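protein.tsv follows (TSV, C-alpha atoms):
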```tsv
chain	number	residue	atom	x	y	z
A	1	MET	CA	11.20	-14.97	26.03
A	2	ASN	CA	14.32	-13.27	24.69
A	3	ASN	CA	13.92	-9.53	24.05
A	4	ASP	CA	17.48	-8.89	22.85
A	5	PRO	CA	17.05	-7.73	19.19
A	6	SER	CA	20.42	-9.16	18.09
A	7	LYS	CA	19.45	-12.58	19.48
A	8	ILE	CA	16.01	-12.41	17.87
A	9	GLN	CA	17.57	-11.60	14.49
A	10	SER	CA	19.98	-14.53	14.60
A	11	ASP	CA	17.20	-16.93	15.61
A	12	LEU	CA	14.84	-16.14	12.71
A	13	SER	CA	14.71	-18.17	9.53
A	14	ILE	CA	14.24	-16.34	6.24
A	15	VAL	CA	10.52	-17.09	6.32
A	16	ASP	CA	10.16	-15.87	9.90
A	17	SER	CA	12.22	-12.77	9.07
A	18	LEU	CA	10.02	-11.93	6.09
A	19	VAL	CA	6.83	-12.52	8.07
A	20	GLN	CA	8.03	-10.40	11.00
A	21	LEU	CA	9.15	-7.65	8.59
A	22	SER	CA	5.74	-7.71	6.89
A	23	TYR	CA	4.06	-7.39	10.31
A	24	LEU	CA	6.24	-4.38	11.11
A	25	VAL	CA	5.48	-2.68	7.78
A	26	GLN	CA	1.74	-3.43	8.07
A	27	SER	CA	1.75	-2.10	11.63
A	28	ILE	CA	3.29	1.18	10.50
A	29	ILE	CA	0.86	1.51	7.60
A	30	GLY	CA	-2.06	0.65	9.87
A	31	ARG	CA	-1.08	3.19	12.54
A	32	VAL	CA	-0.52	5.99	10.03
A	33	GLY	CA	-3.79	5.10	8.32
A	34	ALA	CA	-5.67	5.12	11.63
A	35	ASP	CA	-4.31	8.61	12.35
A	36	HIS	CA	-6.06	9.72	9.14
A	37	GLU	CA	-9.12	7.47	9.47
A	38	LEU	CA	-7.95	5.21	6.64
A	39	SER	CA	-7.81	1.43	6.58
A	40	ILE	CA	-4.89	-0.37	4.98
A	41	ILE	CA	-7.07	-1.27	1.97
A	42	GLN	CA	-8.04	2.41	1.58
A	43	ILE	CA	-4.35	3.34	1.63
A	44	ARG	CA	-3.72	0.71	-1.05
A	45	LEU	CA	-6.59	2.13	-3.12
A	46	LEU	CA	-5.21	5.66	-2.92
A	47	GLY	CA	-1.73	4.37	-3.69
A	48	ILE	CA	-2.96	2.75	-6.88
A	49	LEU	CA	-4.78	5.92	-7.89
A	50	ARG	CA	-1.73	8.15	-7.41
A	51	ASP	CA	-0.68	7.77	-11.02
A	52	ARG	CA	-3.51	6.09	-12.90
A	53	GLU	CA	-7.27	6.03	-13.45
A	54	PRO	CA	-8.21	2.33	-13.61
A	55	SER	CA	-11.61	0.86	-14.26
A	56	MET	CA	-13.54	-0.62	-11.36
A	57	LEU	CA	-12.71	-4.09	-12.71
A	58	GLN	CA	-8.99	-3.29	-12.87
A	59	LEU	CA	-9.10	-1.97	-9.31
A	60	ALA	CA	-10.89	-5.11	-8.12
A	61	GLN	CA	-8.30	-7.32	-9.80
A	62	HIS	CA	-5.36	-5.32	-8.47
A	63	LEU	CA	-6.69	-5.36	-4.91
A	64	GLY	CA	-7.99	-8.93	-5.09
A	65	LEU	CA	-11.56	-7.90	-4.28
A	66	ASP	CA	-14.92	-8.94	-5.69
A	67	LYS	CA	-17.29	-6.51	-7.40
A	68	SER	CA	-19.38	-5.69	-4.32
A	69	SER	CA	-16.30	-5.15	-2.15
A	70	ILE	CA	-14.64	-2.78	-4.62
A	71	THR	CA	-17.92	-0.90	-5.05
A	72	GLY	CA	-18.23	-0.43	-1.29
A	73	LEU	CA	-14.59	0.63	-0.98
A	74	VAL	CA	-14.92	3.21	-3.74
A	75	ASP	CA	-18.31	4.39	-2.38
A	76	ARG	CA	-16.77	5.09	1.06
A	77	ALA	CA	-13.77	6.89	-0.43
A	78	GLU	CA	-16.08	8.88	-2.72
A	79	ARG	CA	-18.25	9.97	0.24
A	80	ARG	CA	-15.10	11.33	1.91
A	81	GLY	CA	-14.25	13.25	-1.26
A	82	LEU	CA	-11.05	11.27	-1.85
A	83	VAL	CA	-11.96	9.69	-5.21
A	84	GLU	CA	-14.45	10.16	-7.99
A	85	ARG	CA	-15.87	7.96	-10.70
A	86	THR	CA	-15.65	9.01	-14.33
A	87	ILE	CA	-17.31	7.41	-17.33
A	88	ALA	CA	-14.87	4.99	-18.93
A	89	PRO	CA	-13.79	6.27	-22.35
A	90	ASN	CA	-13.83	2.77	-23.89
A	91	ASP	CA	-17.04	1.53	-22.25
A	92	ARG	CA	-19.79	4.10	-21.68
A	93	ARG	CA	-21.46	1.69	-19.21
A	94	GLY	CA	-18.35	1.35	-17.05
A	95	PHE	CA	-16.53	3.69	-14.72
A	96	ASN	CA	-12.94	4.60	-14.07
A	97	VAL	CA	-11.82	5.87	-10.70
A	98	ARG	CA	-9.49	8.78	-10.05
A	99	VAL	CA	-8.17	10.50	-6.99
A	100	THR	CA	-9.51	13.99	-6.21
A	101	SER	CA	-7.35	16.92	-5.16
A	102	ALA	CA	-8.32	16.24	-1.52
A	103	GLY	CA	-7.38	12.59	-2.01
A	104	ARG	CA	-4.08	13.56	-3.62
A	105	GLN	CA	-3.27	15.82	-0.68
A	106	LEU	CA	-4.02	12.98	1.74
A	107	VAL	CA	-1.88	10.60	-0.34
A	108	HIS	CA	1.07	12.96	0.08
A	109	VAL	CA	0.57	13.45	3.82
A	110	VAL	CA	0.07	9.74	4.53
A	111	GLY	CA	2.82	8.69	2.11
A	112	ASP	CA	5.33	11.10	3.66
A	113	GLU	CA	4.53	9.83	7.16
A	114	ILE	CA	4.80	6.17	6.15
A	115	GLU	CA	8.11	6.92	4.43
A	116	ARG	CA	9.40	8.77	7.49
A	117	GLN	CA	8.51	5.91	9.82
A	118	LEU	CA	9.91	3.22	7.52
A	119	ASN	CA	13.14	5.18	7.10
A	120	ALA	CA	13.41	5.37	10.90
A	121	VAL	CA	13.11	1.57	11.05
A	122	ILE	CA	15.89	1.00	8.51
A	123	GLU	CA	18.31	3.46	10.09
A	124	VAL	CA	20.06	0.42	11.60
A	125	ILE	CA	21.31	-0.72	8.17
A	126	THR	CA	23.88	0.94	5.93
A	127	GLU	CA	23.14	2.65	2.62
A	128	THR	CA	24.67	-0.33	0.82
A	129	GLU	CA	22.44	-2.72	2.77
A	130	ARG	CA	19.43	-0.54	1.94
A	131	SER	CA	20.29	-0.70	-1.75
A	132	HIS	CA	20.63	-4.48	-1.53
A	133	LEU	CA	17.35	-4.78	0.37
A	134	ALA	CA	15.57	-2.67	-2.27
A	135	ALA	CA	17.11	-4.76	-5.08
A	136	PHE	CA	16.16	-8.04	-3.39
A	137	ALA	CA	12.61	-6.85	-2.69
A	138	THR	CA	12.23	-5.65	-6.28
A	139	LYS	CA	13.45	-9.00	-7.59
A	140	ILE	CA	11.11	-10.95	-5.32
A	141	LEU	CA	8.14	-8.75	-6.17
A	142	GLY	CA	8.90	-8.98	-9.90
A	143	THR	CA	9.01	-12.75	-9.71
A	144	SER	CA	5.80	-12.82	-7.66
A	145	ALA	CA	3.98	-10.51	-10.08
A	146	SER	CA	4.93	-12.57	-13.13
A	147	SER	CA	3.84	-15.82	-11.46
A	148	ASN	CA	0.42	-14.31	-10.64
A	149	ASP	CA	-0.35	-13.36	-14.24
```
Go through the file and emit its structure as structure tokens.
Amino acid sequence: MNNDPSKIQSDLSIVDSLVQLSYLVQSIIGRVGADHELSIIQIRLLGILRDREPSMLQLAQHLGLDKSSITGLVDRAERRGLVERTIAPNDRRGFNVRVTSAGRQLVHVVGDEIERQLNAVIEVITETERSHLAAFATKILGTSASSND
């Protein structure tokens, strides 16, 4: 097994590189989440709720979960005081979900730590390379999002 990072990089195909990069990012998110007793899916939930108040159905669709799974996820976050349900303005039978002030504070703490750790990982590339990486990722994600509609 070769542990030389420069050799590992040159040996990886684009698919292997993307998969390994996703493992690294997920590992960072998982570790930071564990430090705050949050799962990756809970971090995703809070991330979605940073700037919107979606319905339960919209949350389920965004996270790729079924109704019972999203209900359980929101129930657990609600018990921790991180989110709250509000009556949907367009459907009095439905609920929207919003982050609470405690949840917002946790979003900032966890988000800052994830950002710090990811920035430490990309210190090995130049600012220009970072800009290119961000542009490429944005392009790939944009293409992926439009093909999933």
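If all atoms listed in the file are the atoms counted, then among A:Leu21, A:Val124, A:Ile114, A:Ile28 the closest residue to Ala137 of chain A is A:Leu21.
Within the 7 Å cut-off around Val97 of chain A, using all atoms listed in the file and omitting residues fewer than 3 positions from it on the same chain, the listed residues are Glu53, Pro54, Ser55, Met56, Val83, Glu84, Arg85 and Thr86 of chain A.
Between Leu106 of chain A and the candidates A:Ala134, A:Ile87, A:Ala34, A:Leu46, the tightest atom-to-atom separation, counting all atoms listed in the file, involves A:Leu46.
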Find the residues near Gly103 of chain A: any atom within 12 Å, counting all atoms listed in the file, skip ones fewer than 6 places away on the same chain, and give them as a PyMOL selection string. chain A and resi 36+38+42-43+45-50+77-84+97+109-111
Which centre and which edge lengths, in Å to one decimal, describe the axis-aligned box that holds all listed atoms of segment 51-69 of chain A after 6 Å is added on each side, as lines of an AutoDock Vina configuration file?
```
center_x = -10.0
center_y = -0.6
center_z = -8.2
size_x = 30.7
size_y = 28.7
size_z = 24.1
```
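You will find atom CA of Arg31 of chain A at 10.3 Å from atom CA of Gln117 of chain A.
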When distances are computed from only C-alpha atoms, which of A:Ser27, A:Asp35, A:Leu63, A:Asp51 shows the smallest separation from Arg104 of chain A?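 Once distances to Arg104 of chain A are computed over only C-alpha atoms, the minimum belongs to A:Asp51.
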With a distance cut-off of 10 Å and only C-alpha atoms, select the neighbouring residues of Arg52 of chain A, excluding the residue or stretch itself and same-chain residues fewer than 6 positions from it, and output the selection as a list of chain:residue names.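 Near Arg52 of chain A, the qualifying residues are A:Asn96, A:Val97, A:Arg98, A:Val99.
Among A:Leu12, A:Ala135, A:Leu118, A:Ala88, the residue with the shortest atom-to-atom distance to Gln26 of chain A, counting all atoms listed in the file, is A:Leu118.
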If you count all atoms listed in the file, which residues fall within 10 Å of Asp66 of chain A, apart from same-chain ones fewer than 6 positions away, as a ChimeraX atom specification? /A:57,59-60
Output of the above residues as a PDB file, in the coordinates of the input, restricted to C-alpha atoms:
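Result went into part15.pdb, see below:
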```
ATOM      1  CA  LEU A  57     -12.710  -4.090 -12.710  1.00  0.00           C
ATOM      2  CA  LEU A  59      -9.100  -1.970  -9.310  1.00  0.00           C
ATOM      3  CA  ALA A  60     -10.890  -5.110  -8.120  1.00  0.00           C
TER       4      ALA A  60
END
```
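Going from atom CA of Gly94 of chain A over to atom CA of Leu73 of chain A, you cover 16.5 Å.
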Gap from atom CA of Ser22 of chain A to atom CA of Phe136 of chain A - Å, one decimal: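 These atoms are spaced 14.6 Å apart.
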Output segment 14-46 of chain A with N, CA and C atoms present, as a PDB file, in the frame of the given file.
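Written file, selection-v1.pdb:
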```
ATOM      1  N   ILE A  14      14.609 -17.321   7.263  1.00  0.00           N
ATOM      2  CA  ILE A  14      14.240 -16.340   6.240  1.00  0.00           C
ATOM      3  C   ILE A  14      12.736 -16.139   6.193  1.00  0.00           C
ATOM      4  N   VAL A  15      11.983 -17.212   6.334  1.00  0.00           N
ATOM      5  CA  VAL A  15      10.520 -17.090   6.320  1.00  0.00           C
ATOM      6  C   VAL A  15      10.050 -16.279   7.518  1.00  0.00           C
ATOM      7  N   ASP A  16      10.547 -16.620   8.706  1.00  0.00           N
ATOM      8  CA  ASP A  16      10.160 -15.870   9.900  1.00  0.00           C
ATOM      9  C   ASP A  16      10.570 -14.401   9.782  1.00  0.00           C
ATOM     10  N   SER A  17      11.756 -14.149   9.244  1.00  0.00           N
ATOM     11  CA  SER A  17      12.220 -12.770   9.070  1.00  0.00           C
ATOM     12  C   SER A  17      11.296 -11.989   8.150  1.00  0.00           C
ATOM     13  N   LEU A  18      10.920 -12.611   7.031  1.00  0.00           N
ATOM     14  CA  LEU A  18      10.020 -11.930   6.090  1.00  0.00           C
ATOM     15  C   LEU A  18       8.654 -11.685   6.706  1.00  0.00           C
ATOM     16  N   VAL A  19       8.141 -12.669   7.429  1.00  0.00           N
ATOM     17  CA  VAL A  19       6.830 -12.520   8.070  1.00  0.00           C
ATOM     18  C   VAL A  19       6.890 -11.411   9.119  1.00  0.00           C
ATOM     19  N   GLN A  20       7.908 -11.428   9.963  1.00  0.00           N
ATOM     20  CA  GLN A  20       8.030 -10.400  11.000  1.00  0.00           C
ATOM     21  C   GLN A  20       8.202  -9.013  10.374  1.00  0.00           C
ATOM     22  N   LEU A  21       8.978  -8.924   9.293  1.00  0.00           N
ATOM     23  CA  LEU A  21       9.150  -7.650   8.590  1.00  0.00           C
ATOM     24  C   LEU A  21       7.823  -7.178   8.011  1.00  0.00           C
ATOM     25  N   SER A  22       7.049  -8.106   7.450  1.00  0.00           N
ATOM     26  CA  SER A  22       5.740  -7.710   6.890  1.00  0.00           C
ATOM     27  C   SER A  22       4.818  -7.214   7.998  1.00  0.00           C
ATOM     28  N   TYR A  23       4.873  -7.856   9.182  1.00  0.00           N
ATOM     29  CA  TYR A  23       4.060  -7.390  10.310  1.00  0.00           C
ATOM     30  C   TYR A  23       4.459  -5.982  10.712  1.00  0.00           C
ATOM     31  N   LEU A  24       5.756  -5.712  10.742  1.00  0.00           N
ATOM     32  CA  LEU A  24       6.240  -4.380  11.110  1.00  0.00           C
ATOM     33  C   LEU A  24       5.759  -3.334  10.113  1.00  0.00           C
ATOM     34  N   VAL A  25       5.902  -3.625   8.828  1.00  0.00           N
ATOM     35  CA  VAL A  25       5.480  -2.680   7.780  1.00  0.00           C
ATOM     36  C   VAL A  25       3.963  -2.468   7.853  1.00  0.00           C
ATOM     37  N   GLN A  26       3.203  -3.549   7.976  1.00  0.00           N
ATOM     38  CA  GLN A  26       1.740  -3.430   8.070  1.00  0.00           C
ATOM     39  C   GLN A  26       1.325  -2.650   9.312  1.00  0.00           C
ATOM     40  N   SER A  27       2.041  -2.834  10.397  1.00  0.00           N
ATOM     41  CA  SER A  27       1.750  -2.100  11.630  1.00  0.00           C
ATOM     42  C   SER A  27       1.943  -0.603  11.424  1.00  0.00           C
ATOM     43  N   ILE A  28       3.028  -0.235  10.779  1.00  0.00           N
ATOM     44  CA  ILE A  28       3.290   1.180  10.500  1.00  0.00           C
ATOM     45  C   ILE A  28       2.202   1.747   9.595  1.00  0.00           C
ATOM     46  N   ILE A  29       1.897   1.041   8.525  1.00  0.00           N
ATOM     47  CA  ILE A  29       0.860   1.510   7.600  1.00  0.00           C
ATOM     48  C   ILE A  29      -0.487   1.620   8.314  1.00  0.00           C
ATOM     49  N   GLY A  30      -0.797   0.638   9.124  1.00  0.00           N
ATOM     50  CA  GLY A  30      -2.060   0.650   9.870  1.00  0.00           C
ATOM     51  C   GLY A  30      -2.159   1.811  10.838  1.00  0.00           C
ATOM     52  N   ARG A  31      -1.072   2.073  11.571  1.00  0.00           N
ATOM     53  CA  ARG A  31      -1.080   3.190  12.540  1.00  0.00           C
ATOM     54  C   ARG A  31      -1.209   4.543  11.833  1.00  0.00           C
ATOM     55  N   VAL A  32      -0.441   4.723  10.770  1.00  0.00           N
ATOM     56  CA  VAL A  32      -0.520   5.990  10.030  1.00  0.00           C
ATOM     57  C   VAL A  32      -1.916   6.140   9.429  1.00  0.00           C
ATOM     58  N   GLY A  33      -2.439   5.060   8.871  1.00  0.00           N
ATOM     59  CA  GLY A  33      -3.790   5.100   8.320  1.00  0.00           C
ATOM     60  C   GLY A  33      -4.814   5.465   9.375  1.00  0.00           C
ATOM     61  N   ALA A  34      -4.716   4.840  10.546  1.00  0.00           N
ATOM     62  CA  ALA A  34      -5.670   5.120  11.630  1.00  0.00           C
ATOM     63  C   ALA A  34      -5.625   6.584  12.038  1.00  0.00           C
ATOM     64  N   ASP A  35      -4.433   7.178  12.011  1.00  0.00           N
ATOM     65  CA  ASP A  35      -4.310   8.610  12.350  1.00  0.00           C
ATOM     66  C   ASP A  35      -5.079   9.490  11.376  1.00  0.00           C
ATOM     67  N   HIS A  36      -5.348   8.954  10.172  1.00  0.00           N
ATOM     68  CA  HIS A  36      -6.060   9.720   9.140  1.00  0.00           C
ATOM     69  C   HIS A  36      -7.389   9.067   8.773  1.00  0.00           C
ATOM     70  N   GLU A  37      -7.862   8.174   9.662  1.00  0.00           N
ATOM     71  CA  GLU A  37      -9.120   7.470   9.470  1.00  0.00           C
ATOM     72  C   GLU A  37      -9.168   6.714   8.143  1.00  0.00           C
ATOM     73  N   LEU A  38      -8.054   6.031   7.838  1.00  0.00           N
ATOM     74  CA  LEU A  38      -7.950   5.210   6.640  1.00  0.00           C
ATOM     75  C   LEU A  38      -7.578   3.791   7.036  1.00  0.00           C
ATOM     76  N   SER A  39      -8.201   2.825   6.398  1.00  0.00           N
ATOM     77  CA  SER A  39      -7.810   1.430   6.580  1.00  0.00           C
ATOM     78  C   SER A  39      -6.639   1.138   5.643  1.00  0.00           C
ATOM     79  N   ILE A  40      -5.999   0.011   5.858  1.00  0.00           N
ATOM     80  CA  ILE A  40      -4.890  -0.370   4.980  1.00  0.00           C
ATOM     81  C   ILE A  40      -5.383  -0.524   3.540  1.00  0.00           C
ATOM     82  N   ILE A  41      -6.553  -1.098   3.335  1.00  0.00           N
ATOM     83  CA  ILE A  41      -7.070  -1.270   1.970  1.00  0.00           C
ATOM     84  C   ILE A  41      -7.375   0.083   1.331  1.00  0.00           C
ATOM     85  N   GLN A  42      -7.816   1.067   2.124  1.00  0.00           N
ATOM     86  CA  GLN A  42      -8.040   2.410   1.580  1.00  0.00           C
ATOM     87  C   GLN A  42      -6.714   3.064   1.182  1.00  0.00           C
ATOM     88  N   ILE A  43      -5.675   2.824   1.979  1.00  0.00           N
ATOM     89  CA  ILE A  43      -4.350   3.340   1.630  1.00  0.00           C
ATOM     90  C   ILE A  43      -3.877   2.700   0.327  1.00  0.00           C
ATOM     91  N   ARG A  44      -4.092   1.400   0.190  1.00  0.00           N
ATOM     92  CA  ARG A  44      -3.720   0.710  -1.050  1.00  0.00           C
ATOM     93  C   ARG A  44      -4.480   1.293  -2.243  1.00  0.00           C
ATOM     94  N   LEU A  45      -5.781   1.537  -2.058  1.00  0.00           N
ATOM     95  CA  LEU A  45      -6.590   2.130  -3.120  1.00  0.00           C
ATOM     96  C   LEU A  45      -6.006   3.466  -3.551  1.00  0.00           C
ATOM     97  N   LEU A  46      -5.753   4.337  -2.596  1.00  0.00           N
ATOM     98  CA  LEU A  46      -5.210   5.660  -2.920  1.00  0.00           C
ATOM     99  C   LEU A  46      -3.825   5.554  -3.551  1.00  0.00           C
TER     100      LEU A  46
END
```
